[in-house]
There are 2 protein chains.
Amino acid sequence: MDLTERTISTRPIFNGRIISLQVDEVTLPNGGTATREIVKHPGAVAVIAVTGGKLLVVEQYRKPLERLQVEIPAGKLDGGEDPAEAAKRELREETGYDCEKVALLHSMATSPGFADEVIHLYVAEGLTSGDASPDEDEFLNVFAYTPEEASQAIADGRICDAKTLIAVYAWQRYMSTGSWGV
Amino acid sequence: MDLTERTISTRPIFNGRIISLQVDEVTLPNGGTATREIVKHPGAVAVIAVTGGKLLVVEQYRKPLERLQVEIPAGKLDGGEDPAEAAKRELREETGYDCEKVALLHSMATSPGFADEVIHLYVAEGLTSGDASPDEDEFLNVFAYTPEEASQAIADGRICDAKTLIAVYAWQRYMSTGSWGV
């Protein structure tokens, strides 16, 4: 059976600074119809950056969740920006670290049921430290976690976002197997 | 520095069948103000279900991404539903498998920058097969992947969503260490 849902109509709801929202009416595989509430997002990058055996993470307030979270450095793509360059930029802005190069590990859909956001997750190599320069509405604390500290932060809930969970699993797998990916 | 962003005002934009959208004006840690576009979601569950050494996955069309994806069984919480019961229900509806019990592995924020969605990821134990009964607007194919097939599906992009990446990392870690989590 062809599972494709074909668009009958698109109703724009909201066009914001970061996301937009639309409601699509679609044809289902059995000929019926349904509505799909869809958030459009420009996409984002995130970076696994390890220096001196420690993972660079940033603590910031996440308003949608009304709590502090510890996450790997990340940020949305600026219009037309190359994801690899964006990854280097976000790493530098949020942590002050430059890197020689980044390698793509996964391009992941975060919420495929209601959003088109894709995060490109990179591994940074050749880190050198410098000065951080967060965006003007971005406030954060930078930490470097040992593997044990990262596991502890997951256990006590400071780390709970999907991209950072993947980063910690991938990093710990890398330390035991010598290769990235799964 | 206290990083908390305090709400000045909330403007409701949309109240849909699954998500709602609001724009909050907030006070920043430096006393300035900013807007935050926030999607509210009821939360969801996902299930790592392994039977005969294979991971149960479902293929479905994801309208926001306009493509088929292979994911672990998952679904949103119905109002007030216990997440563990929801996990058992989704596993049964989507794959036909019942399970004796489920154990919580992670509660993960999927898109903390713009959404409050949290997915409760469970490991199912004691699987027995039966008949699937998807929702009336849900069309899917069920597969069972070996570890090699899961890695191949990640490599060729059929698997690309965050919860399923975490599931595969966690499952492969479990097979080498004998314990869930990281």
# chains A, B, ... in the order shown; residues from 1 in each chain; ligands from 1
$ residues_around --residues "Ala44 of chain B" --least-positions-apart "5" --cutoff "7 Å" --atoms "only C-alpha atoms" --output "PDB file with C-alpha atoms, in the first residue's frame"
ATOM      1  CA  GLY B  75       2.052   7.882  20.007  1.00  0.00           C
ATOM      2  CA  LYS B  76       0.747  10.831  21.912  1.00  0.00           C
ATOM      3  CA  LEU B  77      -0.730  10.637  25.376  1.00  0.00           C
ATOM      4  CA  VAL B 118       8.306  15.167  26.266  1.00  0.00           C
ATOM      5  CA  ILE B 119       8.514  11.574  25.039  1.00  0.00           C
ATOM      6  CA  HIS B 120       8.579   8.861  27.678  1.00  0.00           C
TER       7      HIS B 120
END
$ select_by_dssp --residues "chain A" --states "alpha helix (DSSP H)" --output "ChimeraX atom specification"
/A:83-95,147-155,162-177
$ interface_residues --of "chain A" --to "chain B" --cutoff "6 Å" --atoms "only C-alpha atoms" --output "count of residues only"
17
$ atom_distance --atom1 "atom CA of Leu55 of chain B" --atom2 "atom CA of Arg92 of chain B"
14.5 Å
$ closest_residue --among "A:Ala124, A:Asn15, A:Ser9, A:Lys101" --to "Ala46 of chain A" --atoms "only C-alpha atoms"
A:Ala124
$ select_by_dssp --residues "chain A" --states "strand (DSSP E)" --output "short mmCIF file (atom, residue, chain, number, x, y, z; two decimals) with C-alpha atoms, in the first residue's frame"
data_model
loop_
_atom_site.label_atom_id
_atom_site.label_comp_id
_atom_site.auth_asym_id
_atom_site.auth_seq_id
_atom_site.Cartn_x
_atom_site.Cartn_y
_atom_site.Cartn_z
CA ARG A 6 -1.36 13.99 -0.44
CA THR A 7 -2.07 17.65 0.31
CA ILE A 8 -5.57 18.87 -0.53
CA SER A 9 -5.17 22.33 1.00
CA THR A 10 -2.84 24.30 3.27
CA ARG A 11 -4.12 26.88 5.73
CA PRO A 12 -1.42 29.24 7.06
CA ILE A 13 -1.93 30.01 10.77
CA PHE A 14 1.15 31.85 12.00
CA ASN A 15 4.44 33.13 10.64
CA SER A 20 5.57 29.01 11.39
CA LEU A 21 2.41 26.93 11.68
CA GLN A 22 0.02 25.59 9.06
CA VAL A 23 -2.85 23.12 8.96
CA ASP A 24 -2.93 20.81 5.95
CA GLU A 25 -5.92 18.79 4.82
CA VAL A 26 -4.63 15.53 3.36
CA THR A 27 -5.86 12.48 1.49
CA THR A 33 -9.21 12.76 4.60
CA ALA A 34 -7.55 14.10 7.75
CA THR A 35 -5.96 17.31 9.01
CA ARG A 36 -2.27 17.63 9.92
CA GLU A 37 -1.01 20.43 12.18
CA ILE A 38 2.51 21.22 10.96
CA VAL A 39 5.21 23.41 12.50
CA LYS A 40 7.84 24.63 10.04
CA ALA A 44 19.30 23.36 13.47
CA VAL A 45 22.77 22.11 14.22
CA ALA A 46 24.31 20.54 17.33
CA VAL A 47 27.90 19.67 18.15
CA ILE A 48 29.61 16.88 20.06
CA VAL A 50 35.19 16.65 23.43
CA THR A 51 38.33 18.22 24.85
CA LYS A 54 35.30 15.96 28.62
CA LEU A 55 32.12 16.83 26.71
CA LEU A 56 31.35 20.53 26.32
CA VAL A 57 27.79 21.35 27.41
CA VAL A 58 25.80 24.51 28.04
CA GLU A 59 23.20 25.16 30.67
CA GLN A 60 20.34 27.42 29.63
CA TYR A 61 16.74 28.20 30.49
CA ARG A 62 14.27 26.56 28.14
CA ARG A 67 13.34 24.82 33.44
CA LEU A 68 17.11 24.87 33.10
CA GLN A 69 18.56 22.19 30.87
CA VAL A 70 22.08 21.04 30.13
CA GLU A 71 22.56 20.42 26.41
CA ALA A 74 23.26 23.90 19.34
CA GLY A 75 21.35 26.52 17.45
CA LYS A 76 19.11 27.08 14.50
CA ASP A 98 37.06 26.87 17.76
CA CYS A 99 37.51 23.59 15.92
CA GLU A 100 39.51 22.53 12.87
CA LYS A 101 36.67 20.55 11.32
CA VAL A 102 33.31 18.93 11.96
CA ALA A 103 32.02 15.57 10.70
CA LEU A 104 28.30 14.86 10.27
CA LEU A 105 27.10 12.03 12.54
CA HIS A 106 23.30 12.10 12.11
CA SER A 107 20.65 14.37 10.57
CA MET A 108 17.72 13.72 12.87
CA ALA A 109 14.03 14.62 12.84
CA VAL A 118 15.89 18.45 11.41
CA ILE A 119 18.99 18.74 13.60
CA HIS A 120 22.34 18.07 11.96
CA LEU A 121 24.53 16.54 14.66
CA TYR A 122 28.27 16.98 14.15
CA VAL A 123 31.41 15.71 15.86
CA ALA A 124 34.02 18.47 16.24
CA GLU A 125 37.73 17.77 15.94
CA GLY A 126 40.81 19.82 16.80
CA LEU A 127 39.42 22.10 19.51
CA THR A 128 41.14 25.28 20.67
CA LEU A 140 24.17 30.32 29.38
CA ASN A 141 26.76 28.60 31.53
CA VAL A 142 29.40 26.38 29.94
CA PHE A 143 30.59 23.14 31.55
CA ALA A 144 32.80 20.23 30.52
CA TYR A 145 31.54 16.82 31.70
#
$ atom_distance --atom1 "atom CA of Asp82 of chain A" --atom2 "atom CA of Ala132 of chain A"
20.8 Å
$ decode --residues "segment 50-95 of chain A" --atoms "C-alpha atoms" --output "PDB file, in the first residue's frame"
ATOM      1  CA  VAL A  50      35.185  16.650  23.431  1.00  0.00           C
ATOM      2  CA  THR A  51      38.332  18.222  24.851  1.00  0.00           C
ATOM      3  CA  GLY A  52      40.620  16.685  27.450  1.00  0.00           C
ATOM      4  CA  GLY A  53      38.243  13.715  27.692  1.00  0.00           C
ATOM      5  CA  LYS A  54      35.304  15.959  28.620  1.00  0.00           C
ATOM      6  CA  LEU A  55      32.121  16.826  26.708  1.00  0.00           C
ATOM      7  CA  LEU A  56      31.351  20.535  26.317  1.00  0.00           C
ATOM      8  CA  VAL A  57      27.793  21.347  27.411  1.00  0.00           C
ATOM      9  CA  VAL A  58      25.803  24.509  28.036  1.00  0.00           C
ATOM     10  CA  GLU A  59      23.202  25.162  30.675  1.00  0.00           C
ATOM     11  CA  GLN A  60      20.343  27.421  29.626  1.00  0.00           C
ATOM     12  CA  TYR A  61      16.745  28.202  30.487  1.00  0.00           C
ATOM     13  CA  ARG A  62      14.274  26.561  28.145  1.00  0.00           C
ATOM     14  CA  LYS A  63      11.087  28.583  28.297  1.00  0.00           C
ATOM     15  CA  PRO A  64       8.806  25.955  26.688  1.00  0.00           C
ATOM     16  CA  LEU A  65       9.752  23.546  29.498  1.00  0.00           C
ATOM     17  CA  GLU A  66      10.083  26.274  32.181  1.00  0.00           C
ATOM     18  CA  ARG A  67      13.344  24.825  33.438  1.00  0.00           C
ATOM     19  CA  LEU A  68      17.108  24.871  33.104  1.00  0.00           C
ATOM     20  CA  GLN A  69      18.557  22.190  30.871  1.00  0.00           C
ATOM     21  CA  VAL A  70      22.083  21.036  30.125  1.00  0.00           C
ATOM     22  CA  GLU A  71      22.557  20.416  26.408  1.00  0.00           C
ATOM     23  CA  ILE A  72      25.322  20.125  23.869  1.00  0.00           C
ATOM     24  CA  PRO A  73      25.973  23.375  21.959  1.00  0.00           C
ATOM     25  CA  ALA A  74      23.261  23.901  19.338  1.00  0.00           C
ATOM     26  CA  GLY A  75      21.351  26.521  17.447  1.00  0.00           C
ATOM     27  CA  LYS A  76      19.110  27.084  14.504  1.00  0.00           C
ATOM     28  CA  LEU A  77      20.317  27.551  10.963  1.00  0.00           C
ATOM     29  CA  ASP A  78      20.434  31.126   9.768  1.00  0.00           C
ATOM     30  CA  GLY A  79      18.837  31.435   6.311  1.00  0.00           C
ATOM     31  CA  GLY A  80      20.820  29.558   3.671  1.00  0.00           C
ATOM     32  CA  GLU A  81      23.720  28.870   6.023  1.00  0.00           C
ATOM     33  CA  ASP A  82      25.864  25.786   5.449  1.00  0.00           C
ATOM     34  CA  PRO A  83      25.136  23.398   8.353  1.00  0.00           C
ATOM     35  CA  ALA A  84      28.810  22.549   8.950  1.00  0.00           C
ATOM     36  CA  GLU A  85      29.695  26.250   9.158  1.00  0.00           C
ATOM     37  CA  ALA A  86      26.714  26.812  11.448  1.00  0.00           C
ATOM     38  CA  ALA A  87      27.962  24.034  13.723  1.00  0.00           C
ATOM     39  CA  LYS A  88      31.388  25.674  14.020  1.00  0.00           C
ATOM     40  CA  ARG A  89      29.743  29.065  14.605  1.00  0.00           C
ATOM     41  CA  GLU A  90      27.425  27.802  17.350  1.00  0.00           C
ATOM     42  CA  LEU A  91      30.285  26.000  19.086  1.00  0.00           C
ATOM     43  CA  ARG A  92      32.365  29.186  19.065  1.00  0.00           C
ATOM     44  CA  GLU A  93      29.514  31.521  20.087  1.00  0.00           C
ATOM     45  CA  GLU A  94      28.259  29.339  22.932  1.00  0.00           C
ATOM     46  CA  THR A  95      31.488  27.886  24.338  1.00  0.00           C
TER      47      THR A  95
END
